[in-house]
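*Asks:* File structure04.cif below, mmCIF, C-alpha atoms and all ligand atoms:
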data_entry
loop_
_atom_site.label_atom_id
_atom_site.label_comp_id
_atom_site.auth_asym_id
_atom_site.auth_seq_id
_atom_site.Cartn_x
_atom_site.Cartn_y
_atom_site.Cartn_z
CA MET Z 677 -14.79 22.66 -39.00
CA ILE Z 678 -17.19 23.86 -41.65
CA THR Z 679 -15.14 24.80 -44.69
CA ASN Z 680 -15.84 26.69 -47.86
CA ALA Z 681 -14.18 24.07 -50.01
CA ASN Z 682 -15.78 21.98 -52.74
CA LYS Z 683 -18.10 24.66 -53.87
CA THR Z 684 -20.95 23.09 -55.72
CA GLU Z 685 -23.67 24.70 -57.69
CA ILE Z 686 -26.60 23.51 -55.74
CA LEU Z 687 -30.17 24.52 -55.65
CA THR Z 688 -32.32 25.84 -58.38
CA GLY Z 689 -35.92 25.83 -57.26
CA GLU Z 690 -37.95 26.43 -60.39
CA ASN Z 691 -40.92 27.23 -58.23
CA ASN Z 692 -38.92 29.66 -56.18
CA ALA Z 693 -37.48 31.33 -59.23
CA ALA Z 694 -40.95 31.63 -60.70
CA SER Z 695 -42.21 33.41 -57.62
CA THR Z 696 -39.77 36.24 -57.60
CA ASP Z 697 -37.33 36.02 -60.46
CA ALA Z 698 -39.66 35.67 -63.42
CA GLY Z 699 -38.35 32.25 -64.31
CA LYS Z 700 -34.68 33.03 -63.94
CA ALA Z 701 -32.81 29.95 -62.77
CA ALA Z 702 -30.75 31.48 -60.01
CA ALA Z 703 -27.69 29.29 -59.50
CA ALA Z 704 -26.89 28.72 -55.90
CA THR Z 705 -23.50 28.34 -54.33
CA GLU Z 706 -24.27 26.66 -51.04
CA THR Z 707 -21.45 24.45 -49.94
CA ARG Z 708 -22.66 22.08 -47.25
CA ALA Z 709 -24.81 18.97 -47.39
CA GLY Z 710 -28.41 19.97 -46.98
CA GLY Z 711 -31.52 18.59 -45.36
CA VAL Z 712 -34.99 18.03 -46.76
CA TYR Z 713 -38.01 18.69 -44.55
CA VAL Z 714 -41.57 17.69 -45.45
CA HIS Z 715 -44.57 18.98 -43.52
CA ILE Z 716 -47.60 16.68 -43.17
CA PRO Z 717 -50.33 19.02 -41.94
CA TYR Z 718 -52.87 16.46 -40.70
CA CYS Z 719 -53.70 15.22 -37.21
CA LYS Z 720 -56.49 12.98 -35.95
CA SER Z 721 -57.41 15.65 -33.40
CA LYS Z 722 -55.90 18.82 -31.99
CA CYS Z 723 -54.00 18.76 -28.72
CA GLY Z 724 -54.98 21.55 -26.35
CA TYR Z 725 -51.56 23.20 -26.30
CA CYS Z 726 -50.64 22.87 -29.97
CA ALA Z 727 -49.84 25.92 -32.05
CA PHE Z 728 -48.43 24.01 -35.03
CA TYR Z 729 -50.25 24.19 -38.32
CA SER Z 730 -52.37 21.06 -38.83
CA ARG Z 731 -55.92 20.16 -39.74
CA THR Z 732 -58.15 17.27 -38.70
CA ASP Z 733 -59.96 17.12 -42.07
CA TYR Z 734 -58.04 14.70 -44.32
CA SER Z 735 -60.20 15.25 -47.43
CA SER Z 736 -57.45 17.27 -49.14
CA SER Z 737 -54.68 14.79 -48.34
CA GLU Z 738 -54.47 13.22 -51.84
CA LEU Z 739 -54.37 16.62 -53.52
CA TYR Z 740 -51.74 17.58 -51.00
CA LEU Z 741 -49.64 14.54 -51.90
CA THR Z 742 -49.85 15.46 -55.58
CA ALA Z 743 -48.81 19.03 -54.79
CA LEU Z 744 -45.89 17.80 -52.70
CA LYS Z 745 -44.64 15.65 -55.56
CA LYS Z 746 -44.97 18.60 -57.89
CA GLU Z 747 -42.99 20.76 -55.50
CA ILE Z 748 -40.31 18.07 -55.23
CA ASP Z 749 -40.19 17.83 -59.04
CA SER Z 750 -39.73 21.56 -59.34
CA TYR Z 751 -36.27 21.41 -57.81
CA LYS Z 752 -33.28 20.91 -60.04
CA THR Z 753 -30.30 20.24 -57.91
CA ASP Z 754 -27.12 18.27 -57.61
CA CYS Z 755 -26.66 19.40 -54.01
CA PRO Z 756 -25.88 16.53 -51.67
CA PHE Z 757 -28.50 16.03 -48.97
CA ASP Z 758 -27.76 13.85 -45.99
CA THR Z 759 -30.99 14.17 -44.03
CA ILE Z 760 -34.69 13.83 -44.69
CA TYR Z 761 -37.19 14.74 -41.98
CA ILE Z 762 -40.91 14.02 -42.33
CA GLY Z 763 -42.67 16.05 -39.65
CA GLY Z 764 -46.03 17.51 -38.92
CA GLY Z 765 -48.77 17.29 -37.93
CA THR Z 766 -48.84 13.53 -37.66
CA PRO Z 767 -47.07 11.68 -40.49
CA SER Z 768 -48.13 8.32 -39.05
CA SER Z 769 -51.81 9.24 -39.42
CA VAL Z 770 -52.06 9.35 -43.21
CA ARG Z 771 -53.09 6.35 -45.32
CA PRO Z 772 -50.76 3.38 -45.86
CA GLY Z 773 -48.21 4.04 -48.58
CA TYR Z 774 -48.48 7.83 -48.33
CA ILE Z 775 -45.16 8.47 -46.54
CA ALA Z 776 -43.40 5.79 -48.62
CA GLU Z 777 -44.49 7.62 -51.80
CA ILE Z 778 -43.05 10.89 -50.53
CA ILE Z 779 -39.72 9.41 -49.47
CA GLY Z 780 -39.43 7.46 -52.72
CA HIS Z 781 -40.11 10.63 -54.71
CA ILE Z 782 -37.53 12.62 -52.77
CA LYS Z 783 -34.93 9.92 -53.32
CA ARG Z 784 -35.57 9.92 -57.05
CA ARG Z 785 -35.35 13.69 -57.34
CA PHE Z 786 -32.71 14.74 -54.81
CA ASN Z 787 -29.15 13.60 -54.40
CA ILE Z 788 -29.63 11.77 -51.09
CA ALA Z 789 -26.55 10.31 -49.42
CA ALA Z 790 -26.51 6.54 -49.00
CA ASP Z 791 -26.05 6.97 -45.24
CA ALA Z 792 -28.64 9.73 -44.89
CA GLU Z 793 -30.44 10.15 -41.59
CA ILE Z 794 -34.13 9.73 -42.43
CA THR Z 795 -36.52 10.66 -39.63
CA VAL Z 796 -40.25 10.27 -39.45
CA GLU Z 797 -42.36 11.75 -36.66
CA ALA Z 798 -45.12 9.55 -35.31
CA ASN Z 799 -47.73 9.52 -32.62
CA PRO Z 800 -48.13 6.32 -30.63
CA ASP Z 801 -51.83 5.94 -31.46
CA THR Z 802 -51.19 5.71 -35.21
CA CYS Z 803 -47.71 4.20 -35.23
CA SER Z 804 -48.74 0.68 -36.25
CA ARG Z 805 -46.44 -2.21 -37.11
CA GLY Z 806 -47.57 -1.84 -40.72
CA PHE Z 807 -46.55 1.81 -40.71
CA LEU Z 808 -43.17 1.00 -39.21
CA ALA Z 809 -42.55 -1.75 -41.78
CA GLU Z 810 -43.53 0.65 -44.57
CA ILE Z 811 -41.14 3.40 -43.53
CA ALA Z 812 -38.31 0.99 -42.65
CA ALA Z 813 -38.54 -0.39 -46.20
CA GLN Z 814 -37.95 3.17 -47.45
CA GLY Z 815 -34.74 3.47 -45.45
CA VAL Z 816 -36.16 5.39 -42.50
CA ASN Z 817 -33.65 4.92 -39.71
CA ARG Z 818 -34.89 7.37 -37.09
CA LEU Z 819 -38.27 7.61 -35.38
CA SER Z 820 -39.40 10.62 -33.37
CA LEU Z 821 -42.29 9.70 -31.10
CA GLY Z 822 -44.52 12.23 -29.38
CA LEU Z 823 -45.04 10.95 -25.85
CA GLN Z 824 -45.18 14.14 -23.70
CA THR Z 825 -45.72 12.31 -20.39
CA ASP Z 826 -46.31 8.82 -19.00
CA ASP Z 827 -49.10 10.07 -16.72
CA GLY Z 828 -52.46 8.94 -18.09
CA ALA Z 829 -54.43 11.80 -16.53
CA LEU Z 830 -52.00 14.38 -17.93
CA LEU Z 831 -52.09 12.74 -21.36
CA ARG Z 832 -55.87 13.11 -21.36
CA PHE Z 833 -55.58 16.69 -20.15
CA LEU Z 834 -53.21 17.46 -23.05
CA GLY Z 835 -55.63 15.91 -25.52
CA ARG Z 836 -53.33 13.05 -26.48
CA ARG Z 837 -54.92 9.96 -28.03
CA HIS Z 838 -52.64 7.33 -26.52
CA ASP Z 839 -51.48 5.97 -23.19
CA TYR Z 840 -48.00 5.09 -22.01
CA ALA Z 841 -48.40 1.38 -22.79
CA ARG Z 842 -49.04 2.25 -26.45
CA PHE Z 843 -45.83 4.28 -26.48
CA THR Z 844 -43.73 1.45 -25.04
CA ALA Z 845 -45.28 -0.94 -27.58
CA CYS Z 846 -44.23 1.44 -30.40
CA VAL Z 847 -40.67 1.54 -29.10
CA ALA Z 848 -40.55 -2.26 -29.03
CA ASP Z 849 -42.13 -2.55 -32.49
CA ALA Z 850 -39.77 0.01 -34.00
CA SER Z 851 -36.73 -1.76 -32.53
CA GLN Z 852 -37.98 -5.05 -33.93
CA THR Z 853 -38.41 -3.45 -37.33
CA GLY Z 854 -34.78 -2.36 -37.21
CA ILE Z 855 -35.37 1.32 -36.42
CA THR Z 856 -33.22 1.66 -33.33
CA ASN Z 857 -32.56 5.40 -33.39
CA ILE Z 858 -35.68 6.39 -31.47
CA SER Z 859 -36.41 9.78 -29.94
CA ALA Z 860 -39.15 10.73 -27.50
CA ASP Z 861 -40.67 14.18 -27.01
CA LEU Z 862 -41.55 15.03 -23.43
CA MET Z 863 -43.17 18.08 -21.87
CA TYR Z 864 -42.58 19.53 -18.44
CA GLY Z 865 -44.20 22.18 -16.32
CA LEU Z 866 -47.65 20.73 -16.90
CA PRO Z 867 -50.40 21.77 -14.49
CA ALA Z 868 -50.28 19.63 -11.33
CA GLN Z 869 -47.05 17.95 -12.46
CA SER Z 870 -44.46 17.99 -9.68
CA ALA Z 871 -40.70 18.01 -10.24
CA ASP Z 872 -40.50 14.54 -8.67
CA ALA Z 873 -43.20 13.21 -10.98
CA PHE Z 874 -41.33 14.61 -13.97
CA LEU Z 875 -38.11 12.89 -12.89
CA ARG Z 876 -40.04 9.63 -12.48
CA THR Z 877 -41.23 10.03 -16.06
CA LEU Z 878 -37.65 10.57 -17.19
CA ALA Z 879 -36.52 7.50 -15.25
CA ALA Z 880 -39.20 5.41 -16.95
CA VAL Z 881 -38.29 6.47 -20.49
CA CYS Z 882 -34.55 6.21 -19.81
CA ALA Z 883 -35.11 2.52 -19.07
CA LEU Z 884 -36.37 2.04 -22.63
CA PRO Z 885 -34.10 1.61 -25.66
CA LEU Z 886 -34.21 5.28 -26.63
CA ALA Z 887 -31.34 7.15 -28.28
CA HIS Z 888 -32.63 10.69 -27.94
CA ILE Z 889 -34.96 12.76 -25.76
CA SER Z 890 -36.36 16.21 -26.51
CA LEU Z 891 -37.73 18.29 -23.63
CA TYR Z 892 -40.25 21.08 -24.05
CA PRO Z 893 -41.68 23.34 -21.36
CA LEU Z 894 -45.43 23.73 -21.68
CA LYS Z 895 -46.10 27.03 -23.42
CA VAL Z 896 -49.57 28.47 -23.61
CA GLU Z 897 -49.68 30.17 -26.97
CA GLU Z 898 -52.33 32.49 -28.27
CA GLY Z 899 -54.95 30.80 -30.42
CA THR Z 900 -54.70 27.43 -28.67
CA PRO Z 901 -57.49 25.89 -26.56
CA PHE Z 902 -55.24 26.15 -23.51
CA TYR Z 903 -54.90 29.88 -24.08
CA GLU Z 904 -58.64 30.27 -24.38
CA SER Z 905 -59.07 28.33 -21.13
CA GLY Z 906 -56.65 30.60 -19.31
CA ILE Z 907 -54.27 27.81 -18.33
CA ALA Z 908 -51.19 29.22 -16.64
CA VAL Z 909 -47.66 27.92 -16.36
CA ASP Z 910 -45.23 28.31 -13.48
CA GLY Z 911 -41.98 29.52 -15.04
CA ASP Z 912 -39.95 29.08 -11.85
CA LEU Z 913 -41.10 25.49 -11.46
CA GLN Z 914 -40.30 24.82 -15.13
CA ALA Z 915 -36.78 26.20 -14.60
CA ASP Z 916 -36.33 23.93 -11.56
CA MET Z 917 -37.55 20.91 -13.51
CA TYR Z 918 -35.21 21.65 -16.38
CA GLY Z 919 -32.32 22.18 -13.98
CA ALA Z 920 -32.97 18.80 -12.39
CA ALA Z 921 -33.44 17.05 -15.72
CA VAL Z 922 -30.05 17.98 -17.21
CA PRO Z 923 -27.84 16.08 -14.71
CA PHE Z 924 -30.47 13.34 -14.35
CA LEU Z 925 -30.31 12.61 -18.06
CA ARG Z 926 -26.55 12.98 -18.23
CA GLU Z 927 -26.14 10.31 -15.55
CA ARG Z 928 -28.19 8.01 -17.75
CA GLY Z 929 -26.13 8.62 -20.87
CA PHE Z 930 -28.18 11.39 -22.49
CA ASP Z 931 -25.92 14.35 -23.02
CA ARG Z 932 -27.35 17.81 -23.67
CA TYR Z 933 -26.23 18.92 -27.13
CA GLU Z 934 -28.82 21.67 -27.50
CA VAL Z 935 -30.87 23.47 -24.89
CA GLY Z 936 -33.80 21.06 -25.10
CA ASN Z 937 -32.20 18.06 -26.78
CA PHE Z 938 -30.35 15.16 -25.21
CA ALA Z 939 -28.74 12.23 -26.97
CA LYS Z 940 -26.70 9.13 -26.47
CA THR Z 941 -23.25 9.43 -28.02
CA GLY Z 942 -23.48 9.80 -31.81
CA ARG Z 943 -27.28 9.95 -31.79
CA GLU Z 944 -27.69 13.71 -32.03
CA SER Z 945 -30.27 14.70 -34.63
CA ARG Z 946 -28.21 15.42 -37.73
CA HIS Z 947 -31.20 17.16 -39.31
CA ASN Z 948 -31.99 19.50 -36.44
CA LEU Z 949 -28.32 20.40 -36.08
CA LYS Z 950 -28.60 21.90 -39.57
CA TYR Z 951 -31.04 24.50 -38.27
CA TRP Z 952 -28.79 25.49 -35.38
CA ARG Z 953 -25.71 25.57 -37.60
CA LEU Z 954 -27.50 27.61 -40.26
CA ALA Z 955 -26.85 24.86 -42.78
CA PRO Z 956 -29.01 24.68 -45.93
CA TYR Z 957 -32.34 22.93 -45.96
CA VAL Z 958 -35.32 22.68 -48.27
CA GLY Z 959 -38.79 22.73 -46.72
CA LEU Z 960 -41.67 21.19 -48.66
CA GLY Z 961 -45.38 21.55 -48.04
CA ALA Z 962 -47.70 23.98 -46.31
CA ALA Z 963 -46.06 26.34 -43.82
CA ALA Z 964 -42.61 24.93 -44.61
CA HIS Z 965 -39.67 27.23 -45.04
CA SER Z 966 -36.28 26.79 -46.63
CA TYR Z 967 -32.87 28.32 -46.18
CA PHE Z 968 -30.07 28.25 -48.69
CA ASN Z 969 -27.59 30.69 -50.17
CA GLY Z 970 -28.45 33.19 -47.47
CA GLU Z 971 -32.07 33.34 -48.56
CA ARG Z 972 -35.23 32.21 -46.88
CA TYR Z 973 -38.20 30.77 -48.72
CA GLN Z 974 -41.57 30.62 -46.99
CA ASN Z 975 -44.33 28.41 -48.37
CA PRO Z 976 -47.96 29.48 -47.92
CA ASP Z 977 -49.27 28.65 -44.45
CA GLY Z 978 -52.60 26.96 -45.10
CA ILE Z 979 -53.30 23.76 -47.03
CA SER Z 980 -55.71 25.56 -49.41
CA GLU Z 981 -53.25 28.37 -50.01
CA TYR Z 982 -50.48 25.84 -50.62
CA LEU Z 983 -52.62 23.86 -53.08
CA VAL Z 984 -53.54 26.90 -55.13
CA SER Z 985 -50.11 28.48 -54.92
CA GLY Z 986 -48.54 26.30 -57.57
CA GLY Z 987 -45.43 26.30 -55.45
CA ARG Z 988 -45.10 30.07 -55.33
CA VAL Z 989 -43.15 31.12 -52.33
CA GLN Z 990 -42.14 34.21 -50.46
CA LYS Z 991 -38.43 34.77 -50.87
CA THR Z 992 -36.37 36.94 -48.53
CA LYS Z 993 -32.74 37.82 -48.98
CA ILE Z 994 -30.96 37.95 -45.64
CA SER Z 995 -28.02 40.29 -45.23
CA LYS Z 996 -24.72 38.98 -43.90
CA THR Z 997 -25.27 40.96 -40.70
CA GLU Z 998 -28.68 39.35 -40.19
CA SER Z 999 -27.26 35.91 -40.96
CA ALA Z 1000 -24.42 36.46 -38.50
CA GLU Z 1001 -26.86 37.43 -35.75
CA GLU Z 1002 -29.09 34.48 -36.54
CA TYR Z 1003 -26.14 32.12 -36.47
CA ILE Z 1004 -24.94 33.49 -33.12
CA MET Z 1005 -28.43 33.06 -31.62
CA LEU Z 1006 -28.87 29.53 -32.94
CA ALA Z 1007 -25.34 28.19 -32.43
CA LEU Z 1008 -25.20 29.34 -28.83
CA ARG Z 1009 -28.09 26.99 -28.12
CA THR Z 1010 -25.79 24.08 -28.87
CA LYS Z 1011 -23.06 22.34 -26.97
CA GLU Z 1012 -20.52 23.11 -29.71
CA GLY Z 1013 -21.36 26.81 -29.69
CA ILE Z 1014 -20.28 29.40 -32.25
CA ASN Z 1015 -17.65 28.34 -34.76
CA LEU Z 1016 -15.76 31.62 -35.01
CA ASP Z 1017 -13.98 30.74 -38.29
CA PHE Z 1018 -17.32 29.91 -39.91
CA LEU Z 1019 -18.87 33.12 -38.60
CA LYS Z 1020 -16.02 35.12 -40.06
CA SER Z 1021 -15.70 33.37 -43.42
CA GLU Z 1022 -19.44 33.10 -44.14
CA PHE Z 1023 -20.75 36.34 -42.67
CA ASP Z 1024 -17.70 38.63 -42.34
CA CYS Z 1025 -18.21 38.79 -38.60
CA ASP Z 1026 -15.08 38.71 -36.44
CA LEU Z 1027 -16.80 38.31 -33.10
CA MET Z 1028 -13.63 38.27 -30.98
CA ASN Z 1029 -12.67 41.68 -32.35
CA LYS Z 1030 -16.21 43.00 -32.43
CA LYS Z 1031 -17.09 42.22 -28.81
CA PRO Z 1032 -13.77 41.85 -26.94
CA ALA Z 1033 -14.89 43.48 -23.69
CA GLU Z 1034 -18.17 41.57 -23.53
CA ILE Z 1035 -16.50 38.22 -24.24
CA LYS Z 1036 -13.76 38.87 -21.70
CA SER Z 1037 -16.34 39.78 -19.08
CA LEU Z 1038 -18.45 36.69 -19.83
CA GLN Z 1039 -15.34 34.49 -19.70
CA SER Z 1040 -14.19 35.95 -16.37
CA ARG Z 1041 -17.62 35.24 -14.88
CA GLY Z 1042 -17.55 31.67 -16.19
CA MET Z 1043 -20.48 32.18 -18.55
CA VAL Z 1044 -18.76 31.31 -21.82
CA GLU Z 1045 -15.79 29.17 -22.79
CA TYR Z 1046 -13.44 29.44 -25.73
CA ASP Z 1047 -12.00 26.22 -27.04
CA SER Z 1048 -10.58 25.08 -30.39
CA GLY Z 1049 -12.04 28.01 -32.29
CA ASN Z 1050 -15.49 27.74 -30.75
CA LEU Z 1051 -17.17 30.05 -28.27
CA ARG Z 1052 -19.79 28.23 -26.26
CA LEU Z 1053 -21.94 28.63 -23.19
CA SER Z 1054 -20.53 27.04 -20.06
CA ASP Z 1055 -22.63 24.30 -18.57
CA GLY Z 1056 -24.30 26.47 -15.95
CA ALA Z 1057 -25.02 29.40 -18.26
CA PHE Z 1058 -27.85 27.90 -20.30
CA TYR Z 1059 -30.29 29.41 -17.79
CA VAL Z 1060 -29.23 32.90 -18.82
CA MET Z 1061 -28.70 32.12 -22.48
CA ASN Z 1062 -30.90 34.95 -23.76
CA SER Z 1063 -29.08 37.67 -21.85
CA ILE Z 1064 -25.71 36.33 -23.08
CA ILE Z 1065 -26.94 36.29 -26.66
CA LEU Z 1066 -28.01 39.93 -26.33
CA LYS Z 1067 -24.50 40.86 -25.18
CA LEU Z 1068 -22.97 39.23 -28.25
CA LEU Z 1069 -25.28 40.74 -30.90
S1 LIG Z 1101 -50.43 15.53 -32.62
FE1 LIG Z 1101 -48.71 17.02 -32.58
S2 LIG Z 1101 -49.05 18.39 -34.32
FE2 LIG Z 1101 -50.97 17.25 -33.96
S3 LIG Z 1101 -52.19 18.59 -32.66
FE3 LIG Z 1101 -51.05 17.21 -31.28
S4 LIG Z 1101 -49.14 18.30 -30.80
FE4 LIG Z 1101 -50.07 19.32 -32.58
#
Now that the file is in, can you turn its structure into C-alpha cells?
*Replies:*
Amino acid sequence: MITNANKTEILTGENNAASTDAGKAAAATETRAGGVYVHIPYCKSKCGYCAFYSRTDYSSSELYLTALKKEIDSYKTDCPFDTIYIGGGTPSSVRPGYIAEIIGHIKRRFNIAADAEITVEANPDTCSRGFLAEIAAQGVNRLSLGLQTDDGALLRFLGRRHDYARFTACVADASQTGITNISADLMYGLPAQSADAFLRTLAAVCALPLAHISLYPLKVEEGTPFYESGIAVDGDLQADMYGAAVPFLRERGFDRYEVGNFAKTGRESRHNLKYWRLAPYVGLGAAAHSYFNGERYQNPDGISEYLVSGGRVQKTKISKTESAEEYIMLALRTKEGINLDFLKSEFDCDLMNKKPAEIKSLQSRGMVEYDSGNLRLSDGAFYVMNSIILKLL
C-alpha cells in the first residue's frame, strides 16, 4: 500500500520556481520515490503515423544536450528516484556518448537508487552493439525497442527504417550485453493486417527472450502524414485483435498489467507504473512534463522554444478533486486498480461512500471487483473501461 510515512522534503526546481514564483524555493512534500524522464526529440525520419514531437534535423542536438544538463543542474533535491527513462524520439540515434553523458549527469545530480530501473528507448536501425555497450556501462538495465510489426511490407508502409531481422539481432545483442529486460512495441489494426497475421506476429516475438510487450492500436492523428492521406482504421477489427491478443499473450506468460502493457512476472515497467499511480516524476527536455506535489510542470514544446526558455516552465496547480479524478482514470487502466486508501488519504476522496450505488451496480454486473482495499476492473470489462470510468467520476 502507498503510505504517507517518511515524509521527505523533496523537489525544489530552481527553474520551476523562477518561472512562476519569482525565485522562491518552494519546498515540496512528495513522499514516494520518483522517476526521471528525459525526452530526446530527434529521429532519423518521421514515421507516417507518428504524432510525437521529434525533428529530423540534428544540428541543434549539442545545444540541446547542454540545455538538458543545465535543466538537470537546476534541480536541488534529496528525493529518492528509482527509475530513469530516456525516451523520444529516438535515443539510439544520437551520437556515441550522448546518452551516457545524460545518464551520468542525472546520477550525479539526483538521488538515484542503486537498484533503479533505467530504461532507454531504441529503434532497431540505430541500436548498434556500440550503443548497447555504452548504455549498459551506465547501468541501463531495460531496453524498449520499437518494432511495430514483423511484416516487411507493413514496416515500409509505416515508414520504419528496419526489418524484422534487425530487430531480432538487437534482442540478441542486448541480451549478450547483459540487458535482459527487453520490451517490444507492437501495433495492431494496420491496414491490410488480419487478426491471424497479428497473432502470428505475437507468436514470433513471444518466442524471443522478451520480458515485456506493449500493444498500440493504429491511431490516425491530425497533423500526421497518415491523416493527410486519409488512412482509415477499423475500430471493430482492432477490438477483435486486442481481444484475441490478451489470452494469447497470457498463455505465453505475458500478463496484462495495464490496458496495453503485458509483462512476464516482475517485469512490469516500474517507470510507467508511476504515471498510472500518479506518483511523482520529473520530465526533462522539450515537450516533457513533470508531476509532483500535486502540481504539473510543462516544458516548452519545440526544441527552439526549449533552448531559449532557460528552463522556464508552465506550472499548474491541480486541485485535490482534479487529482482524484485523474488518479481514478489512470489507476483503473491497471490490473491493481484504484487503491481506495490512497485515494482517500491523498485526495480526500472516499469513493465507496461517494458512489455506492454505481459501485454496487458495477459489482453486480461483474464489471468491477473489490479486493484488499483495491477497486479494479474485472478481466472482461477492459473493453468498456471508459464508460465505467465515467460512472465513477
Ligand atoms: S521513430 Fe518513433 S518517435 Fe520517431 S517518428 Fe517514428 S514513431 Fe515517431
*Asks:* One decimal, Å: what's the distance from CA of Gly899 (chain Z) over to CA of Ile979 (chain Z), could you say?
*Replies:* 18.1 Å
*Asks:* Could you list, with a cut-off of 6 Å and counting only C-alpha atoms, the residues of region 891-992 of chain Z near region 710-733 of chain Z, each shown with its nearest atom pair and the distance in Å rounded to one decimal, rows sorted by chain and ascending number, as JSON lines?
*Replies:*
{"residue": "Z:Thr900", "atom": "CA", "partner": "Z:Tyr725", "partner_atom": "CA", "distance": 5.8}
{"residue": "Z:Pro901", "atom": "CA", "partner": "Z:Gly724", "partner_atom": "CA", "distance": 5.0}
{"residue": "Z:Phe902", "atom": "CA", "partner": "Z:Gly724", "partner_atom": "CA", "distance": 5.4}
{"residue": "Z:Pro956", "atom": "CA", "partner": "Z:Gly710", "partner_atom": "CA", "distance": 4.9}
{"residue": "Z:Tyr957", "atom": "CA", "partner": "Z:Gly711", "partner_atom": "CA", "distance": 4.5}
{"residue": "Z:Val958", "atom": "CA", "partner": "Z:Val712", "partner_atom": "CA", "distance": 4.9}
{"residue": "Z:Gly959", "atom": "CA", "partner": "Z:Tyr713", "partner_atom": "CA", "distance": 4.7}
{"residue": "Z:Leu960", "atom": "CA", "partner": "Z:Val714", "partner_atom": "CA", "distance": 4.8}
{"residue": "Z:Gly961", "atom": "CA", "partner": "Z:His715", "partner_atom": "CA", "distance": 5.3}
*Asks:* Pick the closest to ligand LIG 1101 (chain Z) from Z:Ala776, Z:Leu862, Z:Leu741, Z:Ala845: which is it, counting only C-alpha atoms and all ligand atoms?
*Replies:* Z:Leu862
*Asks:* Counting only C-alpha atoms and all ligand atoms, figure out which residue out of Z:Ala939, Z:Ile1035, Z:Leu949, Z:Leu894 gets nearest to ligand LIG 1101 (chain Z).
*Replies:*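 Looking at the shortest contact to ligand LIG 1101 (chain Z), the residue is Z:Leu894.
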*Asks:* One number please: CA of Tyr967 (chain Z) to CA of Glu797 (chain Z), in Å, one decimal.
*Replies:*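 According to the coordinates, CA of Tyr967 (chain Z) and CA of Glu797 (chain Z) are separated by 21.3 Å.
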*Asks:* Just want the 10 Å neighbourhood of Gln1039 (chain Z), counted on only C-alpha atoms, with same-chain residues fewer than 6 positions away dropped. Output as a tab-separated table (two decimals) with C-alpha atoms, in the coordinates of the input.
*Replies:*
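Writing the result to out06.tsv gives the following:
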chain	number	residue	atom	x	y	z
Z	1033	ALA	CA	-14.89	43.48	-23.69
Z	1045	GLU	CA	-15.79	29.17	-22.79
Z	1046	TYR	CA	-13.44	29.44	-25.73
Z	1051	LEU	CA	-17.17	30.05	-28.27
Z	1053	LEU	CA	-21.94	28.63	-23.19
Z	1054	SER	CA	-20.53	27.04	-20.06
*Asks:* Go through Z:Ala964, Z:Ala798, Z:Ala789, Z:Ile1064 one by one, measure the shortest atom-to-atom distance of each to ligand LIG 1101 (chain Z) using only C-alpha atoms and all ligand atoms, and give the residue with the smallest value.
*Replies:*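 Smallest separation from ligand LIG 1101 (chain Z) among the options: Z:Ala798.
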*Asks:* Just how far from CA of Met1005 (chain Z) is CA of Val1060 (chain Z), in Å to one decimal?
*Replies:*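 Taking CA of Val1060 (chain Z) as the start and CA of Met1005 (chain Z) as the end point, the length is 12.8 Å.
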*Asks:* Padding 5 Å on every side, please: axis-aligned box over the listed atoms of region 1048-1065 of chain Z, centre and edge lengths to one decimal in Å, as JSON.
*Replies:*
{"center_x": -20.7, "center_y": 31.0, "center_z": -24.1, "size_x": 30.3, "size_y": 23.4, "size_z": 26.3}
*Asks:* If you count only C-alpha atoms, which residues fall within 7 Å of Arg972 (chain Z), apart from same-chain ones fewer than 6 positions away, as an mmCIF file with C-alpha atoms, in the frame of the given file?
*Replies:*
data_model
loop_
_atom_site.group_PDB
_atom_site.id
_atom_site.type_symbol
_atom_site.label_atom_id
_atom_site.label_comp_id
_atom_site.auth_asym_id
_atom_site.auth_seq_id
_atom_site.Cartn_x
_atom_site.Cartn_y
_atom_site.Cartn_z
ATOM 1 C CA HIS Z 965 -39.670 27.230 -45.040
ATOM 2 C CA SER Z 966 -36.280 26.790 -46.630
ATOM 3 C CA LYS Z 991 -38.430 34.770 -50.870
ATOM 4 C CA THR Z 992 -36.370 36.940 -48.530
ATOM 5 C CA LYS Z 993 -32.740 37.820 -48.980
#
*Asks:* So, counting all atoms listed in the file, which residue among Z:Ala883, Z:Leu878, Z:Leu831, Z:Leu744 is closest to ligand LIG 1101 (chain Z)?
*Replies:*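 Closest to ligand LIG 1101 (chain Z) of all the choices is Z:Leu831.
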*Asks:* Using only C-alpha atoms and all ligand atoms, can you tell me which of Z:Ser980, Z:Ser769, Z:Ser1048, Z:Ser999 comes closest to ligand LIG 1101 (chain Z)?
*Replies:* Z:Ser769
*Asks:* Given the choices Z:Leu886, Z:Ser995, Z:Thr844, Z:Lys895, which gets closest to Leu866 (chain Z) if the distance is worked out from all atoms listed in the file?
*Replies:* Z:Lys895
*Asks:* Would you pick out the contacts of region 808-818 of chain Z at 6 Å or less, using only C-alpha atoms, so that residues sharing its chain but fewer than 3 positions from it are not included, and give the list as a ChimeraX atom specification?
*Replies:* /Z:794-795,805,855,857-858
*Asks:* Hey, can you pull every residue with an atom no more than 10 Å from (-35.6, 21.9, -18.0), using all atoms listed in the file, and send it as a list in words?
*Replies:*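 The distance filter leaves exactly Met863, Tyr864, Gly865, Leu891, Tyr892, Pro893, Leu913, Gln914, Ala915, Asp916, Met917, Tyr918, Gly919, Ala920, Ala921, Val922, Val935, Gly936 and Tyr1059 of chain Z.
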